[in-house]
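target.tsv follows (TSV, C-alpha atoms):
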chain	number	residue	atom	x	y	z
A	1	MET	CA	12.14	122.21	103.86
A	2	ASP	CA	11.64	125.58	102.20
A	3	ARG	CA	8.40	127.36	103.18
A	4	ARG	CA	7.32	127.91	99.58
A	5	LEU	CA	7.91	124.29	98.67
A	6	ARG	CA	5.99	123.11	101.73
A	7	ALA	CA	3.05	125.41	100.86
A	8	ALA	CA	3.03	124.15	97.26
A	9	LEU	CA	2.97	120.52	98.42
A	10	VAL	CA	0.09	121.26	100.83
A	11	ASP	CA	-1.91	122.99	98.08
A	12	ALA	CA	-1.27	120.14	95.64
A	13	GLY	CA	-2.44	117.58	98.18
A	14	LEU	CA	-5.51	119.66	99.00
A	15	VAL	CA	-6.45	120.00	95.33
A	16	ALA	CA	-6.06	116.25	94.83
A	17	LEU	CA	-8.24	115.53	97.85
A	18	ALA	CA	-10.90	118.02	96.67
A	19	LEU	CA	-10.91	116.46	93.19
A	20	LEU	CA	-11.46	113.04	94.72
A	21	ASP	CA	-14.30	114.44	96.85
A	22	ALA	CA	-15.89	116.07	93.79
A	23	TRP	CA	-15.71	112.86	91.77
A	24	LEU	CA	-17.08	110.61	94.52
A	25	SER	CA	-19.88	113.03	95.36
A	26	ASN	CA	-21.00	113.75	91.79
A	27	ALA	CA	-19.80	110.89	89.62
A	28	TYR	CA	-23.38	110.04	88.67
A	29	ALA	CA	-24.77	113.60	88.82
A	30	VAL	CA	-25.51	115.78	85.83
A	31	ARG	CA	-22.58	117.11	83.84
A	32	SER	CA	-22.99	120.72	85.06
A	33	THR	CA	-22.87	119.71	88.72
A	34	LEU	CA	-19.74	117.64	88.20
A	35	THR	CA	-18.13	120.49	86.27
A	36	LEU	CA	-18.86	123.01	89.05
A	37	SER	CA	-17.41	120.61	91.61
A	38	LEU	CA	-14.21	120.10	89.60
A	39	VAL	CA	-13.80	123.86	89.08
A	40	ALA	CA	-14.17	124.41	92.83
A	41	ALA	CA	-11.49	121.80	93.52
A	42	LEU	CA	-9.02	123.23	90.97
A	43	ALA	CA	-9.58	126.78	92.27
A	44	LEU	CA	-7.93	125.80	95.54
A	45	ALA	CA	-4.55	126.05	93.78
A	46	VAL	CA	-4.74	129.87	94.03
A	47	ARG	CA	-6.56	130.14	97.37
A	48	ARG	CA	-3.64	131.94	99.07
A	49	ARG	CA	-3.59	134.77	96.52
A	50	HIS	CA	-7.33	135.18	95.91
A	51	PRO	CA	-9.18	133.71	98.92
A	52	LEU	CA	-12.51	135.51	98.38
A	53	ALA	CA	-12.63	134.72	94.67
A	54	VAL	CA	-11.84	131.05	95.33
A	55	PHE	CA	-14.56	130.85	97.96
A	56	ALA	CA	-17.03	132.37	95.49
A	57	LEU	CA	-16.14	129.63	92.98
A	58	THR	CA	-16.82	126.92	95.56
A	59	VAL	CA	-20.30	128.21	96.51
A	60	PRO	CA	-22.12	126.85	93.40
A	61	ALA	CA	-20.55	123.44	93.93
A	62	LEU	CA	-21.55	123.54	97.60
A	63	PHE	CA	-25.21	124.24	96.76
A	64	SER	CA	-25.54	121.90	93.78
A	65	GLY	CA	-22.97	119.16	94.30
A	66	TYR	CA	-22.72	118.83	98.07
A	67	VAL	CA	-18.93	118.81	97.99
A	68	LEU	CA	-17.20	119.44	101.34
A	69	ILE	CA	-13.41	119.69	100.94
A	70	ALA	CA	-13.27	122.67	98.58
A	71	PRO	CA	-15.73	124.95	100.50
A	72	LEU	CA	-14.19	124.09	103.87
A	73	ALA	CA	-10.64	124.83	102.63
A	74	ALA	CA	-11.72	128.06	100.95
A	75	LEU	CA	-13.58	129.25	104.07
A	76	TYR	CA	-10.59	128.42	106.27
A	77	THR	CA	-8.31	130.45	103.96
A	78	VAL	CA	-10.64	133.47	104.10
A	79	ALA	CA	-10.66	133.36	107.92
A	80	ALA	CA	-6.86	133.00	108.07
A	81	VAL	CA	-6.09	135.79	105.58
A	82	ALA	CA	-8.86	138.42	105.74
A	83	ARG	CA	-8.21	141.32	108.11
A	84	SER	CA	-11.83	142.41	108.39
A	85	ARG	CA	-14.43	140.39	110.27
A	86	LEU	CA	-17.27	141.32	107.88
A	87	PRO	CA	-16.16	139.20	104.87
A	88	ILE	CA	-15.40	136.30	107.21
A	89	ALA	CA	-18.89	136.44	108.71
A	90	ALA	CA	-20.52	136.78	105.28
A	91	CYS	CA	-18.63	133.78	103.90
A	92	ALA	CA	-19.49	131.73	106.99
A	93	VAL	CA	-23.20	132.49	106.59
A	94	VAL	CA	-23.13	131.58	102.89
A	95	ALA	CA	-21.29	128.32	103.65
A	96	GLY	CA	-23.77	127.44	106.39
A	97	LEU	CA	-26.73	128.08	104.09
A	98	GLY	CA	-25.13	126.04	101.33
A	99	TYR	CA	-24.81	123.10	103.68
A	100	PHE	CA	-28.26	123.55	105.24
A	101	LEU	CA	-30.47	124.44	102.27
A	102	PRO	CA	-31.43	121.73	99.78
A	103	TRP	CA	-31.00	122.22	96.05
A	104	PRO	CA	-32.87	123.45	94.04
A	105	LEU	CA	-34.07	126.27	96.23
A	106	ASP	CA	-37.58	126.42	94.75
A	107	ARG	CA	-38.35	123.19	96.57
A	108	VAL	CA	-37.52	124.54	100.02
A	109	ASP	CA	-40.20	124.08	102.68
A	110	VAL	CA	-39.54	126.71	105.31
A	111	GLY	CA	-41.55	124.88	107.94
A	112	ASP	CA	-39.56	121.70	107.49
A	113	LEU	CA	-36.25	123.58	107.59
A	114	PHE	CA	-36.78	125.28	110.93
A	115	GLY	CA	-38.28	122.12	112.33
A	116	ASP	CA	-34.89	120.44	111.96
A	117	PRO	CA	-32.67	121.84	114.79
A	118	LEU	CA	-30.10	119.10	114.26
A	119	GLY	CA	-29.55	120.30	110.70
A	120	LEU	CA	-29.04	123.85	111.96
A	121	ILE	CA	-26.44	122.62	114.43
A	122	TYR	CA	-24.61	120.70	111.70
A	123	ALA	CA	-24.67	123.75	109.44
A	124	ALA	CA	-23.32	125.96	112.23
A	125	VAL	CA	-20.52	123.49	112.93
A	126	PHE	CA	-19.79	123.11	109.22
A	127	ALA	CA	-19.30	126.86	108.83
A	128	GLY	CA	-17.88	127.64	112.29
A	129	ALA	CA	-15.13	125.02	112.47
A	130	PRO	CA	-13.00	126.25	109.52
A	131	VAL	CA	-13.57	129.87	110.59
A	132	ALA	CA	-12.43	129.14	114.14
A	133	LEU	CA	-9.38	127.22	112.88
A	134	GLY	CA	-8.46	129.99	110.45
A	135	LEU	CA	-8.74	132.68	113.14
A	136	LEU	CA	-6.66	130.53	115.49
A	137	VAL	CA	-3.89	130.09	112.92
A	138	ARG	CA	-3.88	133.81	112.11
A	139	THR	CA	-3.72	134.72	115.80
A	140	ARG	CA	-0.85	132.28	116.30
A	141	GLN	CA	1.03	133.83	113.39
A	142	GLU	CA	0.49	137.33	114.75
A	143	LEU	CA	1.72	136.25	118.19
A	144	SER	CA	4.75	134.60	116.61
A	145	ASN	CA	5.56	137.77	114.69
A	146	ARG	CA	5.12	139.84	117.83
A	147	PHE	CA	7.38	137.48	119.75
A	148	ASP	CA	10.04	137.79	117.05
A	149	GLU	CA	9.79	141.58	117.27
A	150	LEU	CA	10.14	141.48	121.05
A	151	THR	CA	13.13	139.14	120.77
A	152	ALA	CA	14.79	141.41	118.22
A	153	GLY	CA	14.07	144.43	120.43
A	154	ARG	CA	15.58	142.71	123.44
A	155	GLU	CA	18.69	141.78	121.47
A	156	ARG	CA	19.06	145.39	120.33
A	157	GLU	CA	18.65	146.55	123.92
A	158	GLN	CA	21.30	144.10	125.09
A	159	GLN	CA	23.64	145.32	122.38
A	160	LEU	CA	23.09	148.91	123.46
A	161	VAL	CA	23.76	148.01	127.09
A	162	ALA	CA	26.91	146.10	126.11
A	163	GLN	CA	28.06	149.00	123.97
A	164	THR	CA	27.47	151.42	126.84
A	165	VAL	CA	29.46	149.23	129.23
A	166	LEU	CA	32.23	148.87	126.66
A	167	THR	CA	32.35	152.63	126.12
A	168	GLU	CA	32.60	153.25	129.85
A	169	GLU	CA	35.35	150.65	130.21
A	170	ARG	CA	37.27	152.07	127.27
A	171	THR	CA	37.01	155.55	128.76
A	172	ARG	CA	38.30	154.27	132.09
A	173	LEU	CA	41.21	152.49	130.39
A	174	ALA	CA	42.02	155.61	128.40
A	175	ARG	CA	42.06	157.69	131.56
A	176	GLU	CA	44.31	155.21	133.39
A	177	MET	CA	46.64	154.91	130.42
A	178	HIS	CA	46.95	158.64	130.08
A	179	ASP	CA	47.50	159.23	133.79
A	180	VAL	CA	50.08	156.50	134.29
A	181	VAL	CA	51.94	155.87	131.04
A	182	SER	CA	51.90	159.43	129.79
A	183	HIS	CA	53.31	160.71	133.08
A	184	GLN	CA	56.16	158.21	133.09
A	185	VAL	CA	57.10	158.73	129.44
A	186	SER	CA	56.99	162.51	129.91
A	187	LEU	CA	59.45	162.19	132.79
A	188	ILE	CA	61.74	160.10	130.57
A	189	ALA	CA	61.63	162.77	127.85
A	190	VAL	CA	62.35	165.55	130.35
A	191	GLN	CA	65.26	163.69	131.93
A	192	ALA	CA	66.71	162.83	128.51
A	193	GLY	CA	66.45	166.47	127.45
A	194	ALA	CA	68.20	167.60	130.62
A	195	LEU	CA	70.96	165.03	130.11
A	196	SER	CA	71.46	166.16	126.51
A	197	THR	CA	72.00	169.78	127.54
A	198	THR	CA	74.30	169.09	130.50
A	199	THR	CA	76.60	166.32	129.28
A	200	ALA	CA	79.87	166.98	127.49
A	201	ASP	CA	80.12	163.50	126.00
A	202	ASP	CA	78.97	163.46	122.38
A	203	ASP	CA	77.92	159.81	122.52
A	204	VAL	CA	75.86	160.36	125.65
A	205	ARG	CA	74.29	163.46	124.08
A	206	ALA	CA	73.36	161.49	120.95
A	207	ALA	CA	71.86	158.70	123.05
A	208	ALA	CA	69.91	161.20	125.15
A	209	ASP	CA	68.56	162.92	122.03
A	210	THR	CA	67.44	159.55	120.67
A	211	ILE	CA	65.70	158.70	123.96
A	212	ARG	CA	63.95	162.07	123.99
A	213	ARG	CA	62.85	161.73	120.34
A	214	LEU	CA	61.49	158.24	120.91
A	215	SER	CA	59.69	159.38	124.05
A	216	VAL	CA	57.98	162.19	122.15
A	217	GLN	CA	56.98	159.76	119.40
A	218	THR	CA	55.62	157.34	122.01
A	219	LEU	CA	53.56	160.11	123.58
A	220	THR	CA	52.10	160.99	120.17
A	221	GLU	CA	51.08	157.40	119.48
A	222	LEU	CA	49.75	157.08	123.03
A	223	ARG	CA	47.47	160.08	122.52
A	224	GLN	CA	46.17	158.49	119.33
A	225	MET	CA	45.36	155.27	121.16
A	226	VAL	CA	43.67	157.20	123.96
A	227	GLY	CA	41.50	158.90	121.34
A	228	VAL	CA	40.54	155.51	119.91
A	229	LEU	CA	39.65	154.16	123.35
A	230	ARG	CA	37.53	157.20	124.15
A	231	SER	CA	35.56	156.96	120.92
A	232	SER	CA	32.05	155.49	121.22
A	233	GLY	CA	32.25	153.00	118.39
A	234	GLU	CA	32.39	155.62	115.62
A	235	PRO	CA	35.41	155.70	113.30
A	236	ALA	CA	38.16	157.40	115.25
A	237	GLN	CA	39.60	160.62	113.96
A	238	GLU	CA	43.30	160.08	113.46
A	239	LEU	CA	45.29	162.78	115.17
A	240	ALA	CA	48.37	162.29	113.01
A	241	PRO	CA	49.41	160.28	109.96
A	242	GLN	CA	49.82	156.62	110.84
A	243	PRO	CA	53.27	155.08	110.37
A	244	GLY	CA	53.93	153.16	107.17
A	245	ILE	CA	56.77	151.47	105.36
A	246	GLY	CA	58.27	154.89	104.62
A	247	ASP	CA	58.96	155.22	108.36
A	248	ILE	CA	60.72	151.87	108.69
A	249	PRO	CA	64.24	153.24	107.87
A	250	ARG	CA	63.94	155.72	110.74
A	251	LEU	CA	62.59	152.98	112.99
A	252	VAL	CA	65.58	150.74	112.20
A	253	ARG	CA	68.03	153.62	112.55
A	254	ASP	CA	66.68	154.71	115.94
A	255	SER	CA	66.35	151.21	117.37
A	256	GLY	CA	69.80	151.44	119.01
A	257	GLN	CA	70.64	147.96	117.73
A	258	ASP	CA	73.04	146.45	115.22
A	259	ALA	CA	70.30	146.48	112.59
A	260	ALA	CA	70.36	146.77	108.81
A	261	LEU	CA	67.53	147.32	106.35
A	262	ARG	CA	67.36	145.71	102.94
A	263	VAL	CA	64.74	146.90	100.45
A	264	ASP	CA	64.20	144.86	97.27
A	265	GLY	CA	61.67	146.01	94.68
A	266	VAL	CA	59.45	147.91	97.11
A	267	ALA	CA	60.25	151.59	96.58
A	268	ASP	CA	58.47	151.85	93.22
A	269	ARG	CA	55.14	150.55	94.59
A	270	SER	CA	52.62	151.63	97.21
A	271	TRP	CA	50.44	149.35	99.37
A	272	PRO	CA	47.19	150.10	101.22
A	273	ASP	CA	47.49	151.96	104.52
A	274	ALA	CA	46.46	148.89	106.56
A	275	VAL	CA	49.24	146.82	104.97
A	276	GLN	CA	51.81	149.55	105.59
A	277	ARG	CA	50.79	149.90	109.24
A	278	ALA	CA	50.97	146.14	109.72
A	279	ALA	CA	54.45	146.08	108.16
A	280	TYR	CA	55.64	148.90	110.42
A	281	ARG	CA	54.24	147.24	113.56
A	282	THR	CA	55.82	143.92	112.58
A	283	VAL	CA	59.27	145.47	112.34
A	284	GLN	CA	58.71	147.48	115.52
A	285	GLU	CA	57.65	144.47	117.60
A	286	ALA	CA	60.42	142.26	116.19
A	287	LEU	CA	63.11	144.84	117.00
A	288	THR	CA	61.69	145.22	120.50
A	289	ASN	CA	61.85	141.46	121.04
A	290	VAL	CA	65.46	141.34	119.83
A	291	GLY	CA	66.37	144.05	122.31
A	292	LYS	CA	64.70	142.08	125.12
A	293	HIS	CA	65.82	138.54	124.36
A	294	ALA	CA	68.94	138.86	122.19
A	295	PRO	CA	70.66	142.18	123.02
A	296	GLY	CA	73.61	142.94	120.77
A	297	ALA	CA	72.59	140.41	118.12
A	298	PRO	CA	72.89	141.57	114.48
A	299	VAL	CA	69.47	142.09	112.91
A	300	THR	CA	68.47	142.19	109.26
A	301	VAL	CA	65.17	143.70	108.22
A	302	THR	CA	64.08	142.83	104.67
A	303	LEU	CA	61.18	144.28	102.70
A	304	SER	CA	60.40	142.58	99.41
A	305	PRO	CA	57.37	141.92	97.19
A	306	ALA	CA	55.78	138.47	97.15
A	307	GLY	CA	53.64	138.72	94.04
A	308	PRO	CA	51.00	141.33	94.83
A	309	ALA	CA	51.78	141.00	98.56
A	310	LEU	CA	54.43	142.60	100.75
A	311	ARG	CA	56.87	140.31	102.57
A	312	VAL	CA	58.41	141.60	105.81
A	313	THR	CA	61.23	139.57	107.34
A	314	VAL	CA	63.16	140.36	110.53
A	315	ARG	CA	66.00	137.94	111.24
A	316	ASN	CA	68.48	138.12	114.08
A	317	ASP	CA	71.64	136.13	114.74
A	318	PRO	CA	72.47	134.65	118.14
A	319	PRO	CA	73.47	137.32	120.68
A	320	PRO	CA	77.14	137.65	121.63
A	321	GLN	CA	78.07	135.65	124.71
A	322	ALA	CA	79.42	138.69	126.52
A	323	ALA	CA	76.48	140.92	125.72
A	324	PRO	CA	74.74	142.18	128.88
A	325	SER	CA	71.09	141.30	129.32
A	326	PRO	CA	69.17	144.33	130.54
A	327	ALA	CA	66.30	143.78	132.92
A	328	MET	CA	63.23	144.16	130.71
A	329	PRO	CA	59.61	143.38	131.61
A	330	GLY	CA	58.25	140.35	129.84
A	331	GLY	CA	55.41	140.76	127.38
A	332	GLY	CA	53.84	137.33	127.76
A	333	GLY	CA	53.96	136.73	124.00
A	334	HIS	CA	51.07	139.10	123.34
A	335	GLY	CA	53.09	141.08	120.80
A	336	LEU	CA	53.53	138.14	118.43
A	337	VAL	CA	49.88	137.17	118.92
A	338	GLY	CA	48.86	140.68	117.93
A	339	LEU	CA	51.06	140.56	114.82
A	340	ARG	CA	49.52	137.24	113.81
A	341	GLU	CA	46.03	138.68	114.25
A	342	ARG	CA	46.93	141.74	112.14
A	343	ALA	CA	48.21	139.54	109.33
A	344	GLU	CA	45.20	137.20	109.43
A	345	GLN	CA	42.75	140.12	109.41
A	346	LEU	CA	44.37	141.26	106.18
A	347	GLY	CA	44.25	137.72	104.76
A	348	GLY	CA	48.00	137.25	105.15
A	349	VAL	CA	50.36	134.78	106.79
A	350	PHE	CA	52.58	135.24	109.84
A	351	ARG	CA	55.25	133.00	111.31
A	352	ALA	CA	57.82	133.35	114.07
A	353	SER	CA	60.32	130.60	114.86
A	354	SER	CA	63.84	129.82	115.92
A	355	ILE	CA	66.44	128.97	113.30
A	356	ALA	CA	69.21	126.39	113.32
A	357	ASP	CA	72.09	128.77	114.18
A	358	GLY	CA	70.35	129.94	117.37
A	359	GLY	CA	68.77	133.04	115.94
A	360	PHE	CA	65.17	133.93	115.39
A	361	VAL	CA	63.10	134.94	112.38
A	362	VAL	CA	59.81	136.80	112.14
A	363	GLU	CA	58.07	136.89	108.76
A	364	ALA	CA	54.77	138.34	107.62
A	365	VAL	CA	53.26	138.17	104.13
A	366	LEU	CA	50.66	140.94	103.84
A	367	PRO	CA	48.46	140.80	100.73
A	368	GLY	CA	47.33	143.98	99.05
A	369	GLU	CA	46.92	145.45	95.61
A	370	ALA	CA	50.21	147.22	95.11
A	371	GLN	CA	49.95	150.43	93.09
A	372	PRO	CA	52.69	152.51	91.48
A	373	ALA	CA	54.17	154.81	94.08
A	374	PRO	CA	53.48	158.56	93.69
A	375	VAL	CA	56.24	160.56	92.07
A	376	SER	CA	56.67	162.87	95.04
A	377	THR	CA	56.07	161.89	98.63
A	378	SER	CA	57.47	163.03	101.92
A	379	ARG	CA	58.02	159.51	103.21
A	380	ARG	CA	59.15	157.60	100.16
A	381	LEU	CA	61.04	154.42	100.91
A	382	PRO	CA	64.50	154.40	99.29
A	383	GLU	CA	65.48	151.39	97.22
A	384	ALA	CA	68.72	150.59	99.05
A	385	SER	CA	70.48	148.28	101.42
A	386	LEU	CA	71.50	150.18	104.52
A	387	GLU	CA	74.76	149.20	106.16
A	388	ARG	CA	74.89	148.33	109.81
A	389	PRO	CA	75.99	151.03	112.22
A	390	GLY	CA	79.75	151.15	112.50
A	391	ASN	CA	80.37	149.30	109.19
Let me see the file written as structure tokens.
Amino acid sequence: MDRRLRAALVDAGLVALALLDAWLSNAYAVRSTLTLSLVAALALAVRRRHPLAVFALTVPALFSGYVLIAPLAALYTVAAVARSRLPIAACAVVAGLGYFLPWPLDRVDVGDLFGDPLGLIYAAVFAGAPVALGLLVRTRQELSNRFDELTAGREREQQLVAQTVLTEERTRLAREMHDVVSHQVSLIAVQAGALSTTTADDDVRAAADTIRRLSVQTLTELRQMVGVLRSSGEPAQELAPQPGIGDIPRLVRDSGQDAALRVDGVADRSWPDAVQRAAYRTVQEALTNVGKHAPGAPVTVTLSPAGPALRVTVRNDPPPQAAPSPAMPGGGGHGLVGLRERAEQLGGVFRASSIADGGFVVEAVLPGEAQPAPVSTSRRLPEASLERPGN
């Protein structure tokens, strides 16, 4: 139940109980006494906002009408809300006197009053019980708030510790990646460059140049990833423009496979950078998988709009029977899982499945508000269907 609703129900019940007490105590009293008692009962409706004023309204009824519920509730509220001890003590003394002294006051016999110790005890209990309960409730609330603060502080501390551990682990991974992968890829680039300058075969030279260019591109992307891993949770500074759909023709051309690109209705529009990166990585991973699992198979890469979204489809035919299968390390399926996660983070759809003729299809629908493409851009995607190499 909502806290405000629960408080309103408690106040309503308390007012009803105080009204009943006022009526039973003063039903046959004079009209003024009954009126003061009813006013004291109704004042409890605003006791949370104006506790001292409400207690002041209950004092006349306490002296003249001998009501109990309204003064006790008002005194409890003062003790639970007031921050200073002085108003609490003053209200407790007034409540005790109202219970102890008879009305009207001009008929008070001082000797008889102090000769009644039992009445003094009752008055002390009458005033002390609601004060003690109010102070107890306030102390409990303060302890609860303090506990919540300590819990929140501990959670923040745990988050800081976890972030520190994560930063250290990311730094270690970045160092290992740079030391191992960067060294190996650099050797590949150097060897490919040496082969390109020493061979007399034009085909071998072209292949070596392609290997060297791809190695340099891999090193560039590796340095970007190392920078991301070494960051401490802040937005990473990109060291170079991230690949987009304008880089897909070069990716298809340099894949070394029997691949063709078909572009339908995409060149005149521009998608957000996240969508373009996801499209590029989808094509990249799909071409890599074709090279691993279906070498020599014809591949068709299609980019087309799907409403406001971008559809990326990579479809390969069955590989030729005589095509050699190079020894490639397996990826464990993590590449396709990563593509699915990219698409889902963007609110898109990803699927990868075999087709009836023995081939395989990878498709991603990446939503994004497509905007008209700029008139001049260095990486504008041509609206064309590229022929396969050798055709």
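In terms of minimum interatomic distance to Ala61 in chain A, A:Leu36 ranks closest within A:Leu36, A:Ala79, A:Val365, A:Val216, counting only C-alpha atoms.
Counting all atoms listed in the file and comparing A:Gln276, A:Gln321, A:Gln159, A:Ser84, the residue that lies closest to Arg342 in chain A is A:Gln276.
The residue that comes closest to Ala12 in chain A, out of A:Gln284, A:Val314, A:Leu42, A:Leu187 and on the basis of all atoms listed in the file, is A:Leu42.
Considering all atoms listed in the file, the residue among A:Arg277, A:Leu86, A:Pro308, A:Ala70 positioned nearest to Leu44 in chain A is A:Ala70.
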How would you write as a short mmCIF file (atom, residue, chain, number, x, y, z; two decimals) with C-alpha atoms, in the frame of the given file the residues that get within 8 Å of (48.7, 135.5, 100.6) in the file's frame, counting all atoms listed in the file?
data_model
loop_
_atom_site.label_atom_id
_atom_site.label_comp_id
_atom_site.auth_asym_id
_atom_site.auth_seq_id
_atom_site.Cartn_x
_atom_site.Cartn_y
_atom_site.Cartn_z
CA ALA A 309 51.78 141.00 98.56
CA GLY A 347 44.25 137.72 104.76
CA GLY A 348 48.00 137.25 105.15
CA VAL A 349 50.36 134.78 106.79
CA VAL A 365 53.26 138.17 104.13
CA LEU A 366 50.66 140.94 103.84
CA PRO A 367 48.46 140.80 100.73
#
Practice item. Figure out the distance between CA of Thr210 in chain A and CA of Leu195 in chain A, please, to one decimal in Å. Key: 11.5 Å
Review point. Quick one: residues within 12 Å of Glu142 in chain A, only C-alpha atoms counted, chain neighbours fewer than 6 positions away excluded, as a ChimeraX atom specification?
Key: /A:80-81,83,135-136,148-149
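With distances restricted to all atoms listed in the file, A:Arg138 is the closest residue to Thr77 in chain A from A:Arg315, A:Arg138, A:Arg31, A:Arg6.
For the residues A:Ala43, A:Leu287, A:Leu17, A:Leu166, ranking by smallest atom-to-atom distance to Phe55 in chain A using only C-alpha atoms places A:Ala43 first.
Interatomic distance, CA of Ser196 in chain A to CA of Gly296 in chain A: 24.0 Å.
Reported to one decimal place, the separation of CA of Thr33 in chain A from CA of Ser64 in chain A is 6.1 Å.
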Closest pair table for range 16-100 of chain A residues within 12 Å of range 125-131 of chain A, all atoms listed in the file, as a Markdown table:
| residue | atom | partner | partner_atom | distance |
| --- | --- | --- | --- | --- |
| A:Leu62 | CA | A:Phe126 | CA | 11.8 |
| A:Leu68 | CA | A:Phe126 | CA | 9.1 |
| A:Ile69 | CA | A:Pro130 | CA | 10.8 |
| A:Ala70 | CA | A:Pro130 | CA | 11.5 |
| A:Pro71 | CA | A:Ala127 | CA | 9.3 |
| A:Leu72 | CA | A:Pro130 | CA | 6.2 |
| A:Ala73 | CA | A:Pro130 | CA | 7.4 |
| A:Ala74 | CA | A:Pro130 | CA | 8.9 |
| A:Leu75 | CA | A:Pro130 | CA | 6.2 |
| A:Tyr76 | CA | A:Pro130 | CA | 4.6 |
| A:Thr77 | CA | A:Pro130 | CA | 8.4 |
| A:Val78 | CA | A:Val131 | CA | 8.0 |
| A:Ala79 | CA | A:Val131 | CA | 5.3 |
| A:Ala80 | CA | A:Val131 | CA | 7.8 |
| A:Val81 | CA | A:Val131 | CA | 10.8 |
| A:Ala82 | CA | A:Val131 | CA | 10.9 |
| A:Arg85 | CA | A:Val131 | CA | 10.6 |
| A:Pro87 | CA | A:Val131 | CA | 11.2 |
| A:Ile88 | CA | A:Val131 | CA | 7.5 |
| A:Ala89 | CA | A:Val131 | CA | 8.7 |
| A:Ala90 | CA | A:Ala127 | CA | 10.6 |
| A:Cys91 | CA | A:Ala127 | CA | 8.5 |
| A:Ala92 | CA | A:Ala127 | CA | 5.2 |
| A:Val93 | CA | A:Ala127 | CA | 7.2 |
| A:Val94 | CA | A:Ala127 | CA | 8.5 |
| A:Ala95 | CA | A:Ala127 | CA | 5.7 |
| A:Gly96 | CA | A:Ala127 | CA | 5.1 |
| A:Leu97 | CA | A:Ala127 | CA | 8.9 |
| A:Gly98 | CA | A:Ala127 | CA | 9.5 |
| A:Tyr99 | CA | A:Phe126 | CA | 7.5 |
| A:Phe100 | CA | A:Phe126 | CA | 9.4 |
Exercise for review: Could you give me, as JSON, numbers by chain, the residues that sit within 8 Å of (62.4, 144.0, 96.0) in the file's coordinates, counting all atoms listed in the file?
Suggested key: {"A": [263, 264, 265, 266, 267, 303, 304, 305]}
Residue rebuild result range 194-206 of chain A, N, CA and C atoms as a PDB file, in the coordinates of the input:
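Once everything was written out, this is part-v2.pdb:
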ATOM      1  N   ALA A 194      67.264 166.994 129.674  1.00  0.00           N
ATOM      2  CA  ALA A 194      68.200 167.600 130.620  1.00  0.00           C
ATOM      3  C   ALA A 194      69.589 167.003 130.479  1.00  0.00           C
ATOM      4  N   LEU A 195      69.654 165.679 130.294  1.00  0.00           N
ATOM      5  CA  LEU A 195      70.960 165.030 130.110  1.00  0.00           C
ATOM      6  C   LEU A 195      71.645 165.512 128.852  1.00  0.00           C
ATOM      7  N   SER A 196      70.872 165.721 127.775  1.00  0.00           N
ATOM      8  CA  SER A 196      71.460 166.160 126.510  1.00  0.00           C
ATOM      9  C   SER A 196      72.068 167.549 126.614  1.00  0.00           C
ATOM     10  N   THR A 197      71.486 168.403 127.433  1.00  0.00           N
ATOM     11  CA  THR A 197      72.000 169.780 127.540  1.00  0.00           C
ATOM     12  C   THR A 197      73.124 169.917 128.558  1.00  0.00           C
ATOM     13  N   THR A 198      73.284 168.956 129.440  1.00  0.00           N
ATOM     14  CA  THR A 198      74.300 169.090 130.500  1.00  0.00           C
ATOM     15  C   THR A 198      75.538 168.247 130.266  1.00  0.00           C
ATOM     16  N   THR A 199      75.444 167.196 129.460  1.00  0.00           N
ATOM     17  CA  THR A 199      76.600 166.320 129.280  1.00  0.00           C
ATOM     18  C   THR A 199      77.568 166.885 128.260  1.00  0.00           C
ATOM     19  N   ALA A 200      78.843 166.559 128.451  1.00  0.00           N
ATOM     20  CA  ALA A 200      79.870 166.980 127.490  1.00  0.00           C
ATOM     21  C   ALA A 200      80.273 165.844 126.564  1.00  0.00           C
ATOM     22  N   ASP A 201      79.794 164.659 126.826  1.00  0.00           N
ATOM     23  CA  ASP A 201      80.120 163.500 126.000  1.00  0.00           C
ATOM     24  C   ASP A 201      79.186 163.463 124.792  1.00  0.00           C
ATOM     25  N   ASP A 202      79.782 163.452 123.603  1.00  0.00           N
ATOM     26  CA  ASP A 202      78.970 163.460 122.380  1.00  0.00           C
ATOM     27  C   ASP A 202      78.127 162.191 122.245  1.00  0.00           C
ATOM     28  N   ASP A 203      78.689 161.049 122.623  1.00  0.00           N
ATOM     29  CA  ASP A 203      77.920 159.810 122.520  1.00  0.00           C
ATOM     30  C   ASP A 203      76.726 159.806 123.467  1.00  0.00           C
ATOM     31  N   VAL A 204      76.958 160.298 124.683  1.00  0.00           N
ATOM     32  CA  VAL A 204      75.860 160.360 125.650  1.00  0.00           C
ATOM     33  C   VAL A 204      74.801 161.341 125.168  1.00  0.00           C
ATOM     34  N   ARG A 205      75.257 162.483 124.584  1.00  0.00           N
ATOM     35  CA  ARG A 205      74.290 163.460 124.080  1.00  0.00           C
ATOM     36  C   ARG A 205      73.443 162.861 122.952  1.00  0.00           C
ATOM     37  N   ALA A 206      74.103 162.117 122.054  1.00  0.00           N
ATOM     38  CA  ALA A 206      73.360 161.490 120.950  1.00  0.00           C
ATOM     39  C   ALA A 206      72.346 160.468 121.480  1.00  0.00           C
TER      40      ALA A 206
END
